[in-house]
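Participant: See input.cif below, with mmCIF, C-alpha atoms and all ligand atoms.
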data_entry
#
loop_
_atom_site.label_atom_id
_atom_site.label_comp_id
_atom_site.auth_asym_id
_atom_site.auth_seq_id
_atom_site.Cartn_x
_atom_site.Cartn_y
_atom_site.Cartn_z
CA MET A 638 14.14 3.24 20.42
CA LEU A 639 10.67 1.91 19.90
CA SER A 640 8.60 1.49 23.04
CA ASP A 641 7.74 -1.92 24.45
CA ASP A 642 4.10 -0.94 23.92
CA PHE A 643 4.66 -0.55 20.20
CA LEU A 644 6.30 -3.95 19.89
CA GLU A 645 3.74 -5.64 22.14
CA SER A 646 0.81 -4.16 20.19
CA TYR A 647 2.32 -5.33 16.94
CA HIS A 648 2.61 -8.91 18.12
CA ARG A 649 -0.68 -9.00 20.03
CA ASP A 650 -2.95 -7.00 17.69
CA GLY A 651 -1.11 -7.43 14.40
CA PHE A 652 -0.55 -3.67 14.15
CA ALA A 653 1.10 -0.86 16.07
CA VAL A 654 0.67 2.90 15.82
CA LEU A 655 3.43 5.47 16.18
CA THR A 656 2.20 9.07 16.14
CA ASP A 657 4.60 11.87 15.12
CA ALA A 658 6.77 9.33 13.31
CA VAL A 659 7.32 11.78 10.45
CA ALA A 660 7.42 15.58 10.60
CA ALA A 661 4.45 17.36 9.00
CA GLU A 662 6.82 19.16 6.57
CA LYS A 663 8.05 15.82 5.26
CA CYS A 664 4.47 14.69 4.72
CA LEU A 665 3.67 17.90 2.87
CA GLU A 666 6.77 17.52 0.73
CA LEU A 667 5.70 14.00 -0.28
CA ARG A 668 2.16 15.26 -0.88
CA ALA A 669 3.46 18.00 -3.19
CA ARG A 670 5.62 15.53 -5.13
CA ALA A 671 2.63 13.19 -5.57
CA GLY A 672 0.68 16.17 -6.89
CA GLU A 673 3.40 16.87 -9.48
CA ILE A 674 3.38 13.25 -10.64
CA VAL A 675 -0.39 13.46 -11.15
CA GLU A 676 -0.01 16.78 -12.97
CA GLU A 677 2.47 15.18 -15.40
CA PHE A 678 0.31 12.08 -15.88
CA ASP A 679 -1.37 11.53 -19.25
CA HIS A 680 -4.76 10.09 -18.27
CA THR A 681 -5.79 9.36 -21.87
CA GLY A 682 -5.32 6.12 -23.77
CA GLY A 683 -7.51 3.85 -21.66
CA GLY A 684 -6.62 1.01 -19.34
CA LYS A 685 -5.39 3.29 -16.57
CA THR A 686 -8.24 2.82 -14.13
CA PHE A 687 -7.72 0.93 -10.90
CA SER A 688 -10.45 -1.60 -10.36
CA THR A 689 -10.69 -4.67 -8.20
CA THR A 690 -13.90 -5.75 -9.88
CA GLU A 691 -13.43 -5.23 -13.61
CA GLN A 692 -10.35 -6.11 -15.66
CA THR A 693 -9.56 -5.57 -19.33
CA HIS A 694 -6.44 -6.62 -21.20
CA SER A 695 -4.93 -3.11 -21.40
CA ARG A 696 -5.75 -2.53 -17.76
CA GLU A 697 -4.03 -5.77 -16.80
CA GLU A 698 -0.92 -4.88 -18.78
CA TYR A 699 -0.66 -1.36 -17.34
CA PHE A 700 -1.03 -2.84 -13.85
CA LEU A 701 1.15 -5.94 -14.24
CA THR A 702 4.11 -3.99 -15.60
CA SER A 703 3.99 -1.32 -12.88
CA GLY A 704 6.20 -3.17 -10.35
CA GLY A 705 9.28 -1.33 -11.56
CA ALA A 706 7.60 1.91 -12.61
CA VAL A 707 5.88 5.04 -11.34
CA ARG A 708 2.31 4.98 -12.65
CA CYS A 709 -0.96 6.70 -11.83
CA PHE A 710 -4.16 4.64 -11.56
CA LEU A 711 -7.44 6.48 -12.04
CA GLU A 712 -10.48 6.13 -9.81
CA GLU A 713 -13.39 4.30 -11.41
CA GLY A 714 -15.85 6.47 -13.29
CA VAL A 715 -13.74 9.65 -13.50
CA VAL A 716 -13.14 9.50 -17.28
CA ASP A 717 -15.91 9.55 -19.89
CA THR A 718 -15.93 7.48 -23.10
CA GLN A 719 -14.07 10.28 -24.94
CA GLY A 720 -11.30 10.23 -22.33
CA ARG A 721 -12.38 13.52 -20.74
CA LEU A 722 -11.94 13.91 -17.01
CA LEU A 723 -15.18 14.29 -15.08
CA VAL A 724 -13.50 15.53 -11.91
CA GLU A 725 -10.57 17.83 -11.20
CA LYS A 726 -7.37 16.09 -12.33
CA ALA A 727 -5.85 16.32 -8.85
CA ASN A 728 -8.79 14.26 -7.53
CA SER A 729 -8.97 11.76 -10.38
CA VAL A 730 -6.23 9.40 -9.29
CA ASN A 731 -6.81 6.48 -6.94
CA LYS A 732 -3.11 5.79 -6.38
CA ILE A 733 0.42 6.01 -7.67
CA GLY A 734 2.44 2.77 -7.72
CA HIS A 735 4.61 0.79 -7.37
CA ALA A 736 8.33 1.67 -7.36
CA MET A 737 8.53 5.34 -6.39
CA HIS A 738 10.65 4.40 -3.40
CA ASP A 739 13.44 3.34 -5.76
CA LEU A 740 12.82 5.67 -8.71
CA ASP A 741 11.84 9.05 -7.26
CA PRO A 742 14.30 10.89 -4.97
CA VAL A 743 11.60 12.55 -2.83
CA PHE A 744 9.83 9.21 -2.29
CA ALA A 745 13.14 7.42 -1.68
CA ALA A 746 14.12 9.91 1.04
CA PHE A 747 10.72 9.47 2.70
CA SER A 748 10.81 5.67 2.44
CA TYR A 749 14.32 4.65 3.45
CA THR A 750 14.82 6.17 6.89
CA PRO A 751 16.63 5.11 10.04
CA LEU A 752 13.20 4.83 11.70
CA VAL A 753 12.05 2.32 9.10
CA ALA A 754 15.26 0.33 9.53
CA GLU A 755 14.65 0.24 13.27
CA VAL A 756 10.98 -0.75 12.98
CA VAL A 757 11.71 -3.49 10.51
CA SER A 758 14.65 -4.92 12.41
CA GLN A 759 12.92 -4.77 15.81
CA LEU A 760 9.92 -6.53 14.32
CA GLY A 761 12.15 -9.33 13.18
CA ILE A 762 12.78 -9.06 9.45
CA VAL A 763 16.38 -10.15 9.04
CA ASN A 764 17.08 -9.28 5.40
CA PRO A 765 14.37 -6.78 4.44
CA GLN A 766 13.69 -5.46 0.95
CA MET A 767 11.18 -2.78 0.08
CA LEU A 768 9.08 -4.45 -2.57
CA GLN A 769 6.37 -1.96 -3.38
CA SER A 770 5.19 1.56 -2.65
CA MET A 771 1.73 3.08 -3.10
CA TYR A 772 0.58 6.66 -2.68
CA ILE A 773 -3.15 6.54 -2.04
CA PHE A 774 -5.31 9.63 -2.59
CA LYS A 775 -8.78 8.69 -1.37
CA SER A 776 -10.00 12.05 -2.58
CA PRO A 777 -13.20 13.66 -1.23
CA GLY A 778 -16.31 12.21 -2.82
CA VAL A 779 -14.51 9.90 -5.28
CA GLY A 780 -12.05 7.95 -3.09
CA GLY A 781 -13.28 4.37 -3.30
CA GLU A 782 -13.52 1.66 -0.66
CA VAL A 783 -11.00 -1.10 -0.17
CA VAL A 784 -12.71 -4.33 0.82
CA PRO A 785 -11.42 -6.46 3.74
CA HIS A 786 -8.24 -8.32 2.86
CA ILE A 787 -4.76 -9.21 4.07
CA ASP A 788 -1.69 -7.93 2.23
CA HIS A 789 -0.08 -11.38 2.20
CA SER A 790 -2.77 -12.40 -0.33
CA PHE A 791 -1.22 -9.96 -2.81
CA LEU A 792 2.51 -10.31 -2.03
CA TRP A 793 2.94 -13.97 -1.25
CA THR A 794 6.18 -15.33 0.14
CA GLN A 795 6.95 -18.74 1.64
CA PRO A 796 7.04 -18.46 4.56
CA LYS A 797 4.82 -15.37 4.92
CA SER A 798 6.97 -12.29 5.43
CA VAL A 799 5.24 -9.16 4.14
CA MET A 800 4.96 -6.24 6.51
CA THR A 801 3.13 -3.02 5.70
CA LEU A 802 4.25 0.43 6.77
CA TRP A 803 1.37 2.86 6.36
CA TYR A 804 1.79 6.62 6.79
CA ALA A 805 -0.97 9.16 7.32
CA ILE A 806 -0.10 12.03 4.97
CA ASP A 807 -3.37 13.76 5.89
CA ASP A 808 -5.31 13.34 9.12
CA SER A 809 -7.17 10.06 8.71
CA THR A 810 -10.52 9.76 10.49
CA VAL A 811 -13.69 7.68 10.36
CA GLU A 812 -15.31 10.50 8.34
CA ASN A 813 -12.72 10.57 5.54
CA GLY A 814 -12.26 6.80 5.25
CA CYS A 815 -9.56 5.75 7.71
CA MET A 816 -8.27 2.22 7.86
CA TRP A 817 -10.15 -0.33 9.98
CA ALA A 818 -8.31 -3.35 11.35
CA MET A 819 -9.19 -6.51 13.26
CA PRO A 820 -7.03 -6.70 16.42
CA GLY A 821 -5.61 -10.21 16.72
CA GLY A 822 -7.00 -11.19 13.32
CA HIS A 823 -3.46 -11.89 12.07
CA LEU A 824 -3.43 -14.91 14.39
CA SER A 825 -7.06 -16.03 14.38
CA GLU A 826 -8.22 -15.60 10.79
CA PRO A 827 -7.51 -18.05 7.98
CA VAL A 828 -5.98 -16.95 4.68
CA ARG A 829 -9.02 -16.57 2.48
CA GLN A 830 -7.58 -15.57 -0.88
CA ARG A 831 -4.56 -15.31 -3.08
CA PHE A 832 -4.30 -12.79 -5.93
CA ARG A 833 -1.77 -13.84 -8.56
CA ALA A 834 -0.74 -13.60 -12.20
CA GLU A 835 -1.84 -16.18 -14.72
CA GLY A 836 -1.22 -16.11 -18.47
CA GLY A 837 -0.80 -12.35 -18.80
CA SER A 838 -3.82 -11.71 -16.63
CA THR A 839 -4.64 -11.90 -12.94
CA THR A 840 -6.78 -14.23 -10.93
CA MET A 841 -7.98 -14.59 -7.34
CA ASP A 842 -7.81 -18.03 -5.75
CA VAL A 843 -10.38 -18.40 -2.99
CA TYR A 844 -9.58 -20.81 -0.17
CA ASP A 845 -12.25 -19.76 2.28
CA ASP A 846 -15.26 -17.60 1.49
CA THR A 847 -16.44 -17.00 5.07
CA PRO A 848 -17.10 -13.26 5.51
CA TYR A 849 -14.82 -11.41 7.92
CA PRO A 850 -16.40 -10.66 11.33
CA LEU A 851 -16.73 -6.93 10.61
CA GLY A 852 -18.03 -6.22 14.12
CA GLU A 853 -14.57 -7.02 15.43
CA PHE A 854 -12.81 -4.37 13.33
CA VAL A 855 -11.79 -1.07 14.93
CA PRO A 856 -11.07 2.26 13.23
CA VAL A 857 -7.40 3.21 13.18
CA GLU A 858 -7.65 7.00 13.17
CA ALA A 859 -4.30 8.64 12.61
CA PRO A 860 -3.16 12.26 12.51
CA ARG A 861 -0.73 13.41 9.81
CA GLY A 862 2.75 11.97 10.36
CA THR A 863 1.53 8.76 12.03
CA LEU A 864 3.11 5.46 11.06
CA VAL A 865 1.05 2.28 11.36
CA ALA A 866 3.09 -0.91 11.01
CA PHE A 867 1.08 -4.04 10.37
CA ASP A 868 1.51 -7.73 9.83
CA GLY A 869 0.81 -9.09 6.34
CA MET A 870 -1.80 -11.38 7.89
CA LEU A 871 -3.80 -8.53 9.49
CA PRO A 872 -7.33 -8.16 8.07
CA HIS A 873 -8.06 -4.52 7.23
CA PHE A 874 -10.28 -2.39 5.02
CA SER A 875 -11.22 1.23 4.39
CA ARG A 876 -14.46 2.87 3.37
CA HIS A 877 -15.34 5.31 0.62
CA ASN A 878 -14.43 8.90 1.45
CA HIS A 879 -17.83 10.62 1.67
CA SER A 880 -16.40 13.65 3.46
CA ASP A 881 -15.16 16.87 1.90
CA ARG A 882 -11.60 16.30 3.16
CA PRO A 883 -8.86 14.35 1.36
CA ARG A 884 -7.24 11.37 3.02
CA HIS A 885 -3.82 10.93 1.43
CA ALA A 886 -1.75 8.01 2.70
CA TYR A 887 1.50 6.37 1.71
CA THR A 888 2.37 2.71 2.16
CA VAL A 889 5.41 0.57 1.54
CA HIS A 890 5.54 -3.19 1.70
CA VAL A 891 8.61 -4.91 3.02
CA ILE A 892 9.45 -8.59 2.57
CA ASP A 893 12.24 -10.78 3.86
CA SER A 894 14.58 -11.75 1.05
CA ASP A 895 15.27 -15.01 2.87
CA ALA A 896 11.66 -16.04 2.16
CA ARG A 897 10.74 -17.32 -1.30
CA TYR A 898 8.91 -14.77 -3.44
CA LEU A 899 6.60 -16.79 -5.66
CA LYS A 900 7.07 -16.59 -9.43
CA ASP A 901 3.37 -16.16 -10.08
CA ASN A 902 2.96 -13.15 -7.80
CA TRP A 903 1.42 -10.31 -9.80
CA LEU A 904 4.20 -7.85 -8.98
CA HIS A 905 7.58 -8.30 -10.60
CA ARG A 906 10.47 -6.11 -11.58
CA GLY A 907 12.77 -6.38 -14.55
CA GLU A 908 16.45 -7.18 -14.10
CA GLU A 909 17.29 -3.50 -14.63
CA LEU A 910 15.77 -2.63 -11.26
CA PRO A 911 16.56 -5.29 -8.67
CA LEU A 912 15.12 -4.97 -5.17
CA ARG A 913 17.50 -3.21 -2.81
CA PRO A 914 18.61 -4.44 0.61
CA LEU A 915 16.77 -2.06 2.94
CA PHE A 916 19.44 -1.53 5.59
CA GLU A 917 22.12 -0.71 3.00
CA GLU A 918 19.79 1.66 1.19
CA VAL A 919 18.96 3.51 4.43
CA GLU A 920 22.67 3.86 5.13
CA ARG A 921 23.43 5.03 1.60
CA LEU A 922 20.68 7.68 1.63
CA SER A 923 21.53 8.88 5.17
CA ALA A 924 25.23 9.33 4.33
FE FE2 A 1001 -3.96 -3.65 2.25
#
Just dump the structure as structure tokens.

Facilitator:
Amino acid sequence: MLSDDFLESYHRDGFAVLTDAVAAEKCLELRARAGEIVEEFDHTGGGKTFSTTEQTHSREEYFLTSGGAVRCFLEEGVVDTQGRLLVEKANSVNKIGHAMHDLDPVFAAFSYTPLVAEVVSQLGIVNPQMLQSMYIFKSPGVGGEVVPHIDHSFLWTQPKSVMTLWYAIDDSTVENGCMWAMPGGHLSEPVRQRFRAEGGSTTMDVYDDTPYPLGEFVPVEAPRGTLVAFDGMLPHFSRHNHSDRPRHAYTVHVIDSDARYLKDNWLHRGEELPLRPLFEEVERLSA
């Protein structure tokens, strides 16, 4: 059973932290599997860099068709014009996305657990589906920053339903670029942006360009095995990893299938891989 504190924090602050949610061995198993996926990844061919600032057609296509796939996205600036890696391959990838939870057995076992079913149901999602997964590397020296945003801007449902489950796979600290969040910001802050697909490309609608009050954000440091659950309206960001320690993390995004998932959201799956009802999938994998 989740503590009252956990549930209260979630509703009051927009996020709640559960330490020792996952055993260290499970984290290390997921970490090793992510390493294998990177090892098998062909980084050549262009268009495989993750960037929030610069888009090209091939980049857009690689990204927009990743909703039902397992793909690696390179950090910016780690490949030269000849396609040669400028850093160790293991440190070259920004993230893996976005359907490992349904396509990779190790990721599926980590993602669909009785704990997740309990968190999601106690936090009020009636018919949850796991929409997206991301394994984030934030490698020493190259792991880039993520600017302040809310996840609802990227996975828009009507009404808003997205919830993020974030796992510390490594110890996450201020030094290696932990997440920062704005307690209560899920209630007080307006929706500033919406990222969506448009004509084979992506675009960001801006509704409000007021900067976030960064002084109100707090670091969410988390030892390996911690789960942070947060509301899709919670403003959060993370800084560049300037330390010499990696900061691997894994996130899944859950939506309520009773809410309407907008057609022009950037992330879609083909009919061959429909979203799975979360509770049934947890039961199936636990059997
Ligand atoms: Fe986010």

Participant: I'd like the contact shell of Asp881 in chain A - 12 Å cut-off, all atoms listed in the file, skipping same-chain residues fewer than 3 positions apart - returned as a VMD selection string.

Facilitator: chain A and resid 728 775 to 780 812 to 814 877 to 878 884

Participant: Residues within 12 Å of ligand FE2 1001 (chain A) should be enumerated using only C-alpha atoms and all ligand atoms and returned as a ChimeraX atom specification.

Facilitator: /A:769-771,773,782-792,799-803,816-818,865-875,886-890

Participant: From the set A:Asn902, A:Thr718, A:Val730, A:Ile674, which residue has the shortest atom-to-atom contact distance to Phe744 in chain A, counting only C-alpha atoms?

Facilitator: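 Among A:Asn902, A:Thr718, A:Val730, A:Ile674, it is A:Ile674 that comes nearest to Phe744 in chain A.
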
Participant: Do you know which residues are at most 9 Å from Thr681 in chain A counting all atoms listed in the file, after dropping those on the same chain fewer than 5 positions away, and could you put them as a list in words?

Facilitator: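 Result of the neighbour search: Val716, Gln719, Gly720 and Arg721 of chain A.
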
Participant: Could you jot down the CA of Leu864 in chain A to CA of Phe747 in chain A separation for me, Å, one decimal place?

Facilitator: 12.0 Å

Participant: Using only C-alpha atoms, which of the listed residues (A:Thr863, A:Ser838, A:Thr656, A:Ser729) sits closest to Gly672 in chain A?

Facilitator: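 Among A:Thr863, A:Ser838, A:Thr656, A:Ser729, it is A:Ser729 that comes nearest to Gly672 in chain A.
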
Participant: Taking all atoms listed in the file into account, which of A:Gly837, A:Pro820, A:Pro827, A:Pro911 comes nearest Phe854 in chain A?

Facilitator: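 Smallest separation from Phe854 in chain A among the options: A:Pro820.
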